[in-house]
file coords.pdb (PDB, C-alpha atoms)
ATOM      1  CA  MET G   6     126.180  70.239 120.951
ATOM      2  CA  ASP G   7     122.834  69.100 119.573
ATOM      3  CA  ASN G   8     121.090  70.764 122.507
ATOM      4  CA  THR G   9     122.747  74.054 121.563
ATOM      5  CA  ILE G  10     121.956  73.917 117.838
ATOM      6  CA  ALA G  11     118.280  72.886 118.173
ATOM      7  CA  PRO G  12     117.060  76.081 119.958
ATOM      8  CA  VAL G  13     118.927  78.242 117.410
ATOM      9  CA  ILE G  14     117.251  76.467 114.476
ATOM     10  CA  LEU G  15     113.849  76.727 116.181
ATOM     11  CA  GLN G  16     114.391  80.439 116.858
ATOM     12  CA  LYS G  17     115.316  81.116 113.202
ATOM     13  CA  HIS G  18     112.269  79.187 112.001
ATOM     14  CA  THR G  19     109.976  81.083 114.386
ATOM     15  CA  ARG G  20     111.486  84.419 113.370
ATOM     16  CA  LYS G  21     111.050  83.580 109.691
ATOM     17  CA  ARG G  22     107.370  82.718 110.172
ATOM     18  CA  PHE G  23     106.828  85.888 112.180
ATOM     19  CA  ASN G  24     108.499  88.018 109.515
ATOM     20  CA  GLN G  25     106.431  86.395 106.783
ATOM     21  CA  ARG G  26     103.189  87.106 108.617
ATOM     22  CA  SER G  27     104.271  90.678 109.339
ATOM     23  CA  GLN G  28     105.187  91.113 105.679
ATOM     24  CA  THR G  29     101.761  89.891 104.625
ATOM     25  CA  ILE G  30     100.052  92.325 107.001
ATOM     26  CA  ILE G  31     102.182  95.206 105.678
ATOM     27  CA  TYR G  32     101.357  94.325 102.049
ATOM     28  CA  LEU G  33      97.678  94.046 102.913
ATOM     29  CA  SER G  34      97.640  97.390 104.726
ATOM     30  CA  LEU G  35      99.479  99.213 101.943
ATOM     31  CA  ALA G  36      97.250  97.752  99.234
ATOM     32  CA  ILE G  37      94.061  98.694 101.098
ATOM     33  CA  THR G  38      95.425 102.199 101.756
ATOM     34  CA  PHE G  39      96.234 102.767  98.070
ATOM     35  CA  LEU G  40      92.853 101.477  96.943
ATOM     36  CA  LEU G  41      90.987 103.652  99.449
ATOM     37  CA  ALA G  42      93.076 106.644  98.374
ATOM     38  CA  ILE G  43      92.223 106.039  94.713
ATOM     39  CA  ALA G  44      88.508 105.677  95.488
ATOM     40  CA  VAL G  45      88.348 108.776  97.734
ATOM     41  CA  ILE G  46      90.504 111.069  95.567
ATOM     42  CA  GLY G  47      88.680 109.947  92.417
ATOM     43  CA  THR G  48      85.355 110.761  94.060
ATOM     44  CA  LEU G  49      86.566 114.202  95.203
ATOM     45  CA  VAL G  50      88.024 115.094  91.788
ATOM     46  CA  GLY G  51      84.546 115.920  90.500
ATOM     47  CA  GLU G  52      84.506 118.613  87.815
ATOM     48  CA  LEU G  53      88.257 118.447  87.208
ATOM     49  CA  ALA G  54      87.753 115.182  85.316
ATOM     50  CA  ILE G  55      85.514 116.824  82.714
ATOM     51  CA  LYS G  56      86.873 120.387  82.742
ATOM     52  CA  THR G  57      88.160 121.422  79.318
ATOM     53  CA  ASN G  58      90.941 123.904  78.529
ATOM     54  CA  PHE G  59      91.667 124.275  74.815
ATOM     55  CA  THR G  60      94.809 126.291  75.501
ATOM     56  CA  GLN G  61      96.422 123.193  77.074
ATOM     57  CA  LYS G  62      95.255 120.408  74.800
ATOM     58  CA  ASN G  63      97.438 117.471  73.678
ATOM     59  CA  LEU G  64     100.186 118.215  76.200
ATOM     60  CA  LEU G  65     102.820 115.603  76.973
ATOM     61  CA  PRO G  66     103.149 114.449  80.605
ATOM     62  CA  HIS G  67     104.910 117.083  82.741
ATOM     63  CA  MET G  68     104.842 118.458  86.307
ATOM     64  CA  SER G  69     101.499 120.276  85.972
ATOM     65  CA  HIS G  70      99.834 117.343  84.226
ATOM     66  CA  PRO G  71     101.654 114.087  85.171
ATOM     67  CA  PHE G  72      99.467 112.031  82.795
ATOM     68  CA  GLY G  73      99.312 114.743  80.126
ATOM     69  CA  THR G  74      96.158 116.231  78.622
ATOM     70  CA  ASP G  75      93.801 115.048  75.877
ATOM     71  CA  TRP G  76      92.450 116.666  72.708
ATOM     72  CA  LEU G  77      90.059 118.807  74.786
ATOM     73  CA  GLY G  78      92.675 119.913  77.296
ATOM     74  CA  ARG G  79      91.297 117.696  80.061
ATOM     75  CA  ASP G  80      93.749 116.535  82.711
ATOM     76  CA  MET G  81      94.291 112.791  82.200
ATOM     77  CA  LEU G  82      95.350 112.170  85.815
ATOM     78  CA  SER G  83      92.028 113.515  87.087
ATOM     79  CA  ARG G  84      90.098 111.550  84.465
ATOM     80  CA  THR G  85      92.000 108.360  85.285
ATOM     81  CA  LEU G  86      91.400 108.688  89.038
ATOM     82  CA  LYS G  87      87.726 109.441  88.443
ATOM     83  CA  GLY G  88      87.401 106.473  86.101
ATOM     84  CA  LEU G  89      89.104 104.126  88.572
ATOM     85  CA  SER G  90      86.878 105.309  91.428
ATOM     86  CA  ILE G  91      83.800 104.594  89.300
ATOM     87  CA  SER G  92      85.153 101.134  88.454
ATOM     88  CA  ILE G  93      85.892 100.408  92.130
ATOM     89  CA  LEU G  94      82.376 101.418  93.202
ATOM     90  CA  ILE G  95      80.787  99.358  90.429
ATOM     91  CA  GLY G  96      83.059  96.444  91.314
ATOM     92  CA  LEU G  97      82.077  96.771  94.977
ATOM     93  CA  PHE G  98      78.333  96.628  94.336
ATOM     94  CA  ALA G  99      78.614  93.901  91.692
ATOM     95  CA  SER G 100      80.934  91.729  93.806
ATOM     96  CA  VAL G 101      78.745  91.968  96.913
ATOM     97  CA  ILE G 102      75.625  91.035  94.949
ATOM     98  CA  SER G 103      77.427  88.196  93.176
ATOM     99  CA  ALA G 104      78.918  86.866  96.426
ATOM    100  CA  MET G 105      75.505  86.929  98.137
ATOM    101  CA  ILE G 106      73.986  84.985  95.242
ATOM    102  CA  ALA G 107      76.840  82.469  95.509
ATOM    103  CA  ALA G 108      76.382  82.098  99.278
ATOM    104  CA  ILE G 109      72.634  81.511  98.991
ATOM    105  CA  LEU G 110      72.803  79.086  96.070
ATOM    106  CA  GLY G 111      75.862  77.235  97.392
ATOM    107  CA  THR G 112      74.246  76.750 100.778
ATOM    108  CA  ALA G 113      70.945  75.687  99.238
ATOM    109  CA  ALA G 114      72.641  73.192  96.905
ATOM    110  CA  ALA G 115      74.481  71.516  99.769
ATOM    111  CA  THR G 116      71.649  71.446 102.319
ATOM    112  CA  LEU G 117      68.221  71.291 100.628
ATOM    113  CA  GLY G 118      68.403  67.863  99.046
ATOM    114  CA  LYS G 119      69.430  66.191  95.825
ATOM    115  CA  LYS G 120      66.824  67.805  93.570
ATOM    116  CA  VAL G 121      67.792  71.321  94.594
ATOM    117  CA  ASP G 122      71.486  70.418  94.282
ATOM    118  CA  THR G 123      70.924  69.057  90.772
ATOM    119  CA  ALA G 124      69.001  72.166  89.688
ATOM    120  CA  ILE G 125      71.592  74.599  91.046
ATOM    121  CA  THR G 126      74.487  72.567  89.613
ATOM    122  CA  TRP G 127      72.763  72.614  86.231
ATOM    123  CA  LEU G 128      72.314  76.405  86.514
ATOM    124  CA  VAL G 129      76.006  76.839  87.399
ATOM    125  CA  ASP G 130      77.070  74.745  84.393
ATOM    126  CA  LEU G 131      74.696  76.709  82.151
ATOM    127  CA  VAL G 132      76.074  80.110  83.167
ATOM    128  CA  MET G 133      79.679  78.918  82.968
ATOM    129  CA  GLY G 134      79.010  77.371  79.558
ATOM    130  CA  ILE G 135      78.061  80.713  78.008
ATOM    131  CA  PRO G 136      81.043  82.828  76.834
ATOM    132  CA  HIS G 137      81.638  85.326  79.608
ATOM    133  CA  LEU G 138      81.880  88.503  77.563
ATOM    134  CA  LEU G 139      78.857  87.543  75.472
ATOM    135  CA  LEU G 140      76.779  87.032  78.633
ATOM    136  CA  LEU G 141      77.901  90.410  79.950
ATOM    137  CA  ILE G 142      76.943  92.165  76.710
ATOM    138  CA  LEU G 143      73.534  90.463  76.512
ATOM    139  CA  ILE G 144      72.555  91.288  80.091
ATOM    140  CA  SER G 145      73.837  94.865  79.962
ATOM    141  CA  PHE G 146      72.143  95.530  76.617
ATOM    142  CA  ALA G 147      68.856  94.002  77.817
ATOM    143  CA  LEU G 148      68.877  96.280  80.892
ATOM    144  CA  GLY G 149      69.525  99.420  78.873
ATOM    145  CA  ARG G 150      73.250  99.626  79.604
ATOM    146  CA  GLY G 151      74.328 102.401  81.974
ATOM    147  CA  THR G 152      75.593 101.927  85.529
ATOM    148  CA  PHE G 153      72.670  99.744  86.595
ATOM    149  CA  GLY G 154      73.001  97.456  83.591
ATOM    150  CA  VAL G 155      76.754  97.037  84.124
ATOM    151  CA  ILE G 156      76.387  96.216  87.839
ATOM    152  CA  ILE G 157      73.683  93.611  87.236
ATOM    153  CA  ALA G 158      75.536  92.103  84.269
ATOM    154  CA  VAL G 159      78.766  91.698  86.241
ATOM    155  CA  ALA G 160      76.920  90.426  89.333
ATOM    156  CA  ILE G 161      74.894  87.796  87.466
ATOM    157  CA  SER G 162      77.886  86.454  85.545
ATOM    158  CA  HIS G 163      80.415  86.084  88.394
ATOM    159  CA  TRP G 164      78.732  83.916  91.043
ATOM    160  CA  PRO G 165      79.176  80.324  89.694
ATOM    161  CA  THR G 166      82.799  79.712  90.750
ATOM    162  CA  LEU G 167      82.260  80.913  94.316
ATOM    163  CA  THR G 168      79.025  78.900  94.460
ATOM    164  CA  ARG G 169      80.973  75.718  93.725
ATOM    165  CA  VAL G 170      83.526  76.549  96.428
ATOM    166  CA  ILE G 171      80.858  77.186  99.075
ATOM    167  CA  ARG G 172      78.907  74.087  98.064
ATOM    168  CA  GLY G 173      82.041  71.926  98.378
ATOM    169  CA  GLU G 174      82.905  73.369 101.801
ATOM    170  CA  ILE G 175      79.394  72.768 103.144
ATOM    171  CA  LEU G 176      79.305  69.206 101.789
ATOM    172  CA  GLN G 177      82.464  68.526 103.804
ATOM    173  CA  LEU G 178      80.958  70.131 106.913
ATOM    174  CA  LYS G 179      77.880  67.897 106.610
ATOM    175  CA  GLU G 180      80.082  64.915 107.413
ATOM    176  CA  GLU G 181      81.256  66.424 110.706
ATOM    177  CA  ASN G 182      79.897  64.819 113.875
ATOM    178  CA  TYR G 183      78.485  67.996 115.424
ATOM    179  CA  VAL G 184      76.404  68.662 112.304
ATOM    180  CA  LYS G 185      75.018  65.122 112.322
ATOM    181  CA  ILE G 186      74.212  65.413 116.035
ATOM    182  CA  ALA G 187      72.387  68.709 115.427
ATOM    183  CA  GLY G 188      70.262  66.975 112.783
ATOM    184  CA  LYS G 189      69.419  64.102 115.110
ATOM    185  CA  LEU G 190      68.390  66.589 117.813
ATOM    186  CA  GLY G 191      65.682  67.834 115.485
ATOM    187  CA  GLN G 192      67.174  71.070 114.210
ATOM    188  CA  SER G 193      65.966  72.110 110.755
ATOM    189  CA  LYS G 194      68.257  72.175 107.738
ATOM    190  CA  CYS G 195      68.055  75.965 107.525
ATOM    191  CA  ARG G 196      68.959  76.357 111.203
ATOM    192  CA  ILE G 197      71.911  73.984 110.842
ATOM    193  CA  ALA G 198      73.119  75.882 107.786
ATOM    194  CA  VAL G 199      72.869  79.293 109.461
ATOM    195  CA  LYS G 200      74.127  78.340 112.916
ATOM    196  CA  HIS G 201      76.704  75.624 112.272
ATOM    197  CA  MET G 202      77.889  75.988 108.674
ATOM    198  CA  LEU G 203      77.898  79.625 107.615
ATOM    199  CA  PRO G 204      80.353  80.736 110.356
ATOM    200  CA  HIS G 205      82.837  78.116 109.116
ATOM    201  CA  ILE G 206      82.612  79.125 105.455
ATOM    202  CA  PHE G 207      82.745  82.876 106.160
ATOM    203  CA  PRO G 208      86.555  83.101 105.633
ATOM    204  CA  GLN G 209      86.252  81.413 102.213
ATOM    205  CA  PHE G 210      83.303  83.674 101.427
ATOM    206  CA  LEU G 211      85.253  86.808 102.373
ATOM    207  CA  VAL G 212      88.320  85.862 100.321
ATOM    208  CA  GLY G 213      86.114  84.864  97.384
ATOM    209  CA  LEU G 214      84.309  88.212  97.614
ATOM    210  CA  ILE G 215      87.562  90.179  97.479
ATOM    211  CA  LEU G 216      88.937  88.069  94.629
ATOM    212  CA  LEU G 217      85.781  88.886  92.635
ATOM    213  CA  PHE G 218      86.813  92.562  92.617
ATOM    214  CA  PRO G 219      89.577  92.386  89.982
ATOM    215  CA  HIS G 220      87.342  90.341  87.662
ATOM    216  CA  ALA G 221      84.461  92.763  88.155
ATOM    217  CA  ILE G 222      86.638  95.823  87.468
ATOM    218  CA  LEU G 223      88.231  94.332  84.361
ATOM    219  CA  HIS G 224      84.910  93.166  82.928
ATOM    220  CA  GLU G 225      83.275  96.522  83.653
ATOM    221  CA  ALA G 226      86.121  98.252  81.800
ATOM    222  CA  ALA G 227      85.912  95.764  78.913
ATOM    223  CA  LEU G 228      82.142  96.162  78.656
ATOM    224  CA  THR G 229      82.420  99.948  78.625
ATOM    225  CA  PHE G 230      85.342  99.812  76.178
ATOM    226  CA  LEU G 231      83.142  97.907  73.702
ATOM    227  CA  GLY G 232      80.340 100.468  74.061
ATOM    228  CA  PHE G 233      77.886  98.354  76.069
ATOM    229  CA  GLY G 234      78.584  99.822  79.495
ATOM    230  CA  LEU G 235      78.717 103.328  80.925
ATOM    231  CA  PRO G 236      77.489 106.303  78.855
ATOM    232  CA  PRO G 237      80.128 108.383  76.995
ATOM    233  CA  GLU G 238      79.640 111.455  79.215
ATOM    234  CA  GLN G 239      80.780 109.468  82.262
ATOM    235  CA  PRO G 240      84.611 109.306  82.537
ATOM    236  CA  GLY G 241      84.810 105.553  83.068
ATOM    237  CA  ILE G 242      88.190 103.908  82.572
ATOM    238  CA  GLY G 243      86.789 101.863  79.673
ATOM    239  CA  ILE G 244      85.573 105.019  77.937
ATOM    240  CA  ILE G 245      88.957 106.697  78.445
ATOM    241  CA  LEU G 246      90.757 103.748  76.865
ATOM    242  CA  SER G 247      88.224 103.484  74.047
ATOM    243  CA  GLU G 248      88.524 107.173  73.145
ATOM    244  CA  SER G 249      92.327 107.110  73.345
ATOM    245  CA  MET G 250      92.519 104.375  70.682
ATOM    246  CA  LYS G 251      91.521 106.946  68.054
ATOM    247  CA  TYR G 252      94.541 109.107  68.837
ATOM    248  CA  LEU G 253      97.293 106.506  69.164
ATOM    249  CA  SER G 254      98.082 106.769  65.447
ATOM    250  CA  LEU G 255      98.671 110.515  65.977
ATOM    251  CA  GLY G 256     101.422 109.770  68.493
ATOM    252  CA  MET G 257      99.400 110.577  71.636
ATOM    253  CA  TRP G 258     100.589 107.455  73.436
ATOM    254  CA  TRP G 259     100.085 108.818  76.954
ATOM    255  CA  LEU G 260      96.300 108.829  76.576
ATOM    256  CA  ALA G 261      96.185 105.016  76.702
ATOM    257  CA  LEU G 262      99.430 104.133  78.499
ATOM    258  CA  PHE G 263      98.862 105.756  81.893
ATOM    259  CA  PRO G 264      95.149 104.879  82.286
ATOM    260  CA  GLY G 265      95.941 101.309  81.198
ATOM    261  CA  LEU G 266      98.779 100.997  83.715
ATOM    262  CA  ALA G 267      96.576 102.504  86.435
ATOM    263  CA  LEU G 268      93.835  99.965  85.710
ATOM    264  CA  LEU G 269      96.338  97.109  85.756
ATOM    265  CA  SER G 270      97.819  98.354  89.049
ATOM    266  CA  THR G 271      94.379  98.576  90.646
ATOM    267  CA  VAL G 272      93.527  95.030  89.600
ATOM    268  CA  LEU G 273      96.870  93.739  90.916
ATOM    269  CA  LEU G 274      96.313  95.550  94.224
ATOM    270  CA  PHE G 275      92.939  93.851  94.671
ATOM    271  CA  ASP G 276      94.549  90.524  93.850
ATOM    272  CA  LEU G 277      97.247  91.265  96.448
ATOM    273  CA  VAL G 278      94.586  92.056  99.060
ATOM    274  CA  GLY G 279      92.787  88.782  98.356
ATOM    275  CA  GLY G 280      95.976  86.729  98.377
ATOM    276  CA  SER G 281      97.261  88.350 101.584
ATOM    277  CA  LEU G 282      93.931  87.884 103.333
ATOM    278  CA  ARG G 283      93.867  84.228 102.320
ATOM    279  CA  LYS G 284      97.344  83.750 103.814
ATOM    280  CA  LEU G 285      96.282  85.352 107.072
ATOM    281  CA  ILE G 286      93.071  83.343 107.347
ATOM    282  CA  ASP G 287      94.462  79.992 106.211
ATOM    283  CA  PRO G 288      97.438  78.896 108.375
ATOM    284  CA  HIS G 289      98.558  76.354 105.755
ATOM    285  CA  SER G 290      98.833  78.892 102.930
ATOM    286  CA  ALA G 291     100.677  81.300 105.231
ATOM    287  CA  GLN G 292     103.741  79.065 104.952
ATOM    288  CA  ASP G 293     103.824  79.037 101.122
TER     289      ASP G 293
END

call {"tool": "encode", "arguments": {"input": "coords.pdb", "output": "structure tokens"}}
result
Amino acid sequence: MDNTIAPVILQKHTRKRFNQRSQTIIYLSLAITFLLAIAVIGTLVGELAIKTNFTQKNLLPHMSHPFGTDWLGRDMLSRTLKGLSISILIGLFASVISAMIAAILGTAAATLGKKVDTAITWLVDLVMGIPHLLLLILISFALGRGTFGVIIAVAISHWPTLTRVIRGEILQLKEENYVKIAGKLGQSKCRIAVKHMLPHIFPQFLVGLILLFPHAILHEAALTFLGFGLPPEQPGIGIILSESMKYLSLGMWWLALFPGLALLSTVLLFDLVGGSLRKLIDPHSAQD
């Protein structure tokens, strides 16, 4: 009887694991598809996001305008998609720059000796010790605000956490036998880092890069909302939310509700992509 039950239990367990992995792949694919659709459609919207029509101003959400219109008759769905596409592009550039800084500094801290490690650790603690939003405002204001200022501000303020992760991973790899043997064979520290360590930390780097996206998008929107980010003529999601605050007391609730929900959904989708990718890369987390 035991011989009959054991294969059945094993089959159920295998099927469950397979279904969980398939589910993760489906979630990942859907999330990426939605995000790409938002970015592409928002880019193609173009003039519709800023086109005014005073005969259709302050309209409630309906079939022709699912997100309603604002006080200038602009379609809020078009403006929201355009604003999200701008945030995604800014988040992309800022996250890539920030992740590259983290990879370089994390690798240097773990491989170039104690003095370099101490200096980089001190720099990480310094950046993390400054209030995040204050650092963003200072950098963006110093660089003249605008798209360039926002990208650099977000990039410079988001690398410390990933730097610590990469540094910790490389310090563990340094204790592996093949790394020690490579050092004894006369290979330089830079060669060991590039050839033997970076391929092993690439999965953590990739997941960390994707998980930087939601932070970058939210902080870009917050910076623009406070008036230190994108210029007012650019339909950024932060500008849309900032302008809509003036009209909430007049009962125009849709101006803030739908763009806010769209921003939240975009951030959650990026978080879902990062979490799903981590499950697929890490076999231990795939069973959680």

call {"tool": "residues_around", "arguments": {"input": "coords.pdb", "residues": "G:Leu141", "least_positions_apart": "5", "cutoff": "8 Å", "atoms": "only C-alpha atoms", "output": "PDB file with C-alpha atoms, in the frame of the given file"}}
result
ATOM      1  CA  VAL G 155      76.754  97.037  84.124  1.00  0.00           C
ATOM      2  CA  ALA G 158      75.536  92.103  84.269  1.00  0.00           C
ATOM      3  CA  VAL G 159      78.766  91.698  86.241  1.00  0.00           C
ATOM      4  CA  SER G 162      77.886  86.454  85.545  1.00  0.00           C
ATOM      5  CA  LEU G 228      82.142  96.162  78.656  1.00  0.00           C
TER       6      LEU G 228
END

call {"tool": "resolve_selection", "arguments": {"input": "coords.pdb", "expression": "the PyMOL selection byres ((chain G and resi 258-268) around 7)", "output": "count of residues only"}}
result
14

call {"tool": "resolve_selection", "arguments": {"input": "coords.pdb", "expression": "the PyMOL selection byres ((chain G and resi 282) around 10)", "output": "list in words"}}
result
Thr29, Ile30, Tyr32, Leu33, Pro208, Leu211, Val212, Ile215, Asp276, Leu277, Val278, Gly279, Gly280, Ser281, Arg283, Lys284, Leu285, Ile286, Asp287 and Ala291 of chain G

call {"tool": "closest_residue", "arguments": {"input": "coords.pdb", "among": "G:Gly47, G:Pro136, G:Gly232, G:Gly149", "to": "G:Leu94", "atoms": "all atoms listed in the file"}}
result
G:Gly47

call {"tool": "resolve_selection", "arguments": {"input": "coords.pdb", "expression": "the PyMOL selection byres ((chain G and resi 74) around 8)", "output": "list in words"}}
result
Gln61, Lys62, Asn63, Leu64, Leu65, Pro66, His70, Phe72, Gly73, Asp75, Trp76, Leu77, Gly78, Arg79, Asp80, Met81 and Leu260 of chain G

call {"tool": "residues_around", "arguments": {"input": "coords.pdb", "residues": "G:Ala108", "least_positions_apart": "5", "cutoff": "9 Å", "atoms": "all atoms listed in the file", "output": "PyMOL selection string"}}
result
chain G and resi 103+113+164+167-168+171-172+203+210

call {"tool": "axis_aligned_box", "arguments": {"input": "coords.pdb", "around": "stretch 107-125 of chain G", "padding_each_side": "8 Å", "output": "JSON"}}
result
{"center_x": 71.8, "center_y": 74.3, "center_z": 96.0, "size_x": 26.0, "size_y": 32.3, "size_z": 28.6}

call {"tool": "closest_residue", "arguments": {"input": "coords.pdb", "among": "G:Asn182, G:Ala221, G:Phe275, G:Ile37", "to": "G:Leu138", "atoms": "all atoms listed in the file"}}
result
G:Ala221

call {"tool": "build_atoms", "arguments": {"input": "coords.pdb", "residues": "stretch 244-253 of chain G", "atoms": "all heavy atoms", "output": "PDB file, keeping the file's coordinate frame"}}
result
ATOM      1  N   ILE G 244      85.820 103.952  78.904  1.00  0.00           N
ATOM      2  CA  ILE G 244      85.573 105.019  77.937  1.00  0.00           C
ATOM      3  C   ILE G 244      86.868 105.767  77.626  1.00  0.00           C
ATOM      4  O   ILE G 244      87.150 106.109  76.468  1.00  0.00           O
ATOM      5  CB  ILE G 244      84.504 105.988  78.487  1.00  0.00           C
ATOM      6  CG1 ILE G 244      83.148 105.278  78.537  1.00  0.00           C
ATOM      7  CG2 ILE G 244      84.416 107.254  77.649  1.00  0.00           C
ATOM      8  CD1 ILE G 244      82.062 106.070  79.207  1.00  0.00           C
ATOM      9  N   ILE G 245      87.675 106.025  78.647  1.00  0.00           N
ATOM     10  CA  ILE G 245      88.957 106.697  78.445  1.00  0.00           C
ATOM     11  C   ILE G 245      89.844 105.898  77.496  1.00  0.00           C
ATOM     12  O   ILE G 245      90.437 106.451  76.553  1.00  0.00           O
ATOM     13  CB  ILE G 245      89.668 106.908  79.799  1.00  0.00           C
ATOM     14  CG1 ILE G 245      88.873 107.893  80.668  1.00  0.00           C
ATOM     15  CG2 ILE G 245      91.094 107.415  79.585  1.00  0.00           C
ATOM     16  CD1 ILE G 245      89.408 108.030  82.080  1.00  0.00           C
ATOM     17  N   LEU G 246      89.926 104.593  77.722  1.00  0.00           N
ATOM     18  CA  LEU G 246      90.757 103.748  76.865  1.00  0.00           C
ATOM     19  C   LEU G 246      90.185 103.646  75.453  1.00  0.00           C
ATOM     20  O   LEU G 246      90.924 103.633  74.472  1.00  0.00           O
ATOM     21  CB  LEU G 246      90.892 102.359  77.480  1.00  0.00           C
ATOM     22  CG  LEU G 246      91.691 102.285  78.792  1.00  0.00           C
ATOM     23  CD1 LEU G 246      91.612 100.888  79.386  1.00  0.00           C
ATOM     24  CD2 LEU G 246      93.140 102.682  78.555  1.00  0.00           C
ATOM     25  N   SER G 247      88.861 103.581  75.362  1.00  0.00           N
ATOM     26  CA  SER G 247      88.224 103.484  74.047  1.00  0.00           C
ATOM     27  C   SER G 247      88.465 104.751  73.228  1.00  0.00           C
ATOM     28  O   SER G 247      88.809 104.686  72.040  1.00  0.00           O
ATOM     29  CB  SER G 247      86.727 103.243  74.214  1.00  0.00           C
ATOM     30  OG  SER G 247      86.076 103.213  72.966  1.00  0.00           O
ATOM     31  N   GLU G 248      88.310 105.908  73.858  1.00  0.00           N
ATOM     32  CA  GLU G 248      88.524 107.173  73.145  1.00  0.00           C
ATOM     33  C   GLU G 248      89.991 107.363  72.767  1.00  0.00           C
ATOM     34  O   GLU G 248      90.291 107.924  71.713  1.00  0.00           O
ATOM     35  CB  GLU G 248      88.050 108.341  74.017  1.00  0.00           C
ATOM     36  CG  GLU G 248      86.541 108.392  74.213  1.00  0.00           C
ATOM     37  CD  GLU G 248      86.134 109.525  75.139  1.00  0.00           C
ATOM     38  OE1 GLU G 248      87.000 110.073  75.844  1.00  0.00           O
ATOM     39  OE2 GLU G 248      84.928 109.859  75.162  1.00  0.00           O
ATOM     40  N   SER G 249      90.896 106.904  73.613  1.00  0.00           N
ATOM     41  CA  SER G 249      92.327 107.110  73.345  1.00  0.00           C
ATOM     42  C   SER G 249      92.813 106.293  72.160  1.00  0.00           C
ATOM     43  O   SER G 249      93.824 106.648  71.532  1.00  0.00           O
ATOM     44  CB  SER G 249      93.139 106.757  74.588  1.00  0.00           C
ATOM     45  OG  SER G 249      93.037 105.375  74.885  1.00  0.00           O
ATOM     46  N   MET G 250      92.107 105.200  71.824  1.00  0.00           N
ATOM     47  CA  MET G 250      92.519 104.375  70.682  1.00  0.00           C
ATOM     48  C   MET G 250      92.514 105.173  69.378  1.00  0.00           C
ATOM     49  O   MET G 250      93.307 104.911  68.472  1.00  0.00           O
ATOM     50  CB  MET G 250      91.584 103.170  70.543  1.00  0.00           C
ATOM     51  CG  MET G 250      91.657 102.142  71.675  1.00  0.00           C
ATOM     52  SD  MET G 250      93.267 101.341  71.820  1.00  0.00           S
ATOM     53  CE  MET G 250      93.949 102.188  73.255  1.00  0.00           C
ATOM     54  N   LYS G 251      91.631 106.169  69.285  1.00  0.00           N
ATOM     55  CA  LYS G 251      91.521 106.946  68.054  1.00  0.00           C
ATOM     56  C   LYS G 251      92.730 107.860  67.839  1.00  0.00           C
ATOM     57  O   LYS G 251      92.969 108.321  66.723  1.00  0.00           O
ATOM     58  CB  LYS G 251      90.247 107.800  68.095  1.00  0.00           C
ATOM     59  CG  LYS G 251      88.974 107.009  68.366  1.00  0.00           C
ATOM     60  CD  LYS G 251      87.789 107.941  68.581  1.00  0.00           C
ATOM     61  CE  LYS G 251      86.547 107.183  68.988  1.00  0.00           C
ATOM     62  NZ  LYS G 251      85.397 108.089  69.289  1.00  0.00           N
ATOM     63  N   TYR G 252      93.461 108.125  68.923  1.00  0.00           N
ATOM     64  CA  TYR G 252      94.541 109.107  68.837  1.00  0.00           C
ATOM     65  C   TYR G 252      95.923 108.474  68.943  1.00  0.00           C
ATOM     66  O   TYR G 252      96.923 109.200  68.919  1.00  0.00           O
ATOM     67  CB  TYR G 252      94.366 110.164  69.942  1.00  0.00           C
ATOM     68  CG  TYR G 252      93.112 110.978  69.776  1.00  0.00           C
ATOM     69  CD1 TYR G 252      91.904 110.556  70.328  1.00  0.00           C
ATOM     70  CD2 TYR G 252      93.117 112.166  69.048  1.00  0.00           C
ATOM     71  CE1 TYR G 252      90.748 111.297  70.169  1.00  0.00           C
ATOM     72  CE2 TYR G 252      91.966 112.917  68.888  1.00  0.00           C
ATOM     73  CZ  TYR G 252      90.780 112.475  69.448  1.00  0.00           C
ATOM     74  OH  TYR G 252      89.631 113.220  69.278  1.00  0.00           O
ATOM     75  N   LEU G 253      95.986 107.167  69.085  1.00  0.00           N
ATOM     76  CA  LEU G 253      97.293 106.506  69.164  1.00  0.00           C
ATOM     77  C   LEU G 253      98.088 106.681  67.870  1.00  0.00           C
ATOM     78  O   LEU G 253      99.310 106.850  67.891  1.00  0.00           O
ATOM     79  CB  LEU G 253      97.109 105.015  69.468  1.00  0.00           C
ATOM     80  CG  LEU G 253      96.771 104.656  70.920  1.00  0.00           C
ATOM     81  CD1 LEU G 253      96.618 103.145  71.063  1.00  0.00           C
ATOM     82  CD2 LEU G 253      97.838 105.160  71.872  1.00  0.00           C
TER      83      LEU G 253
END
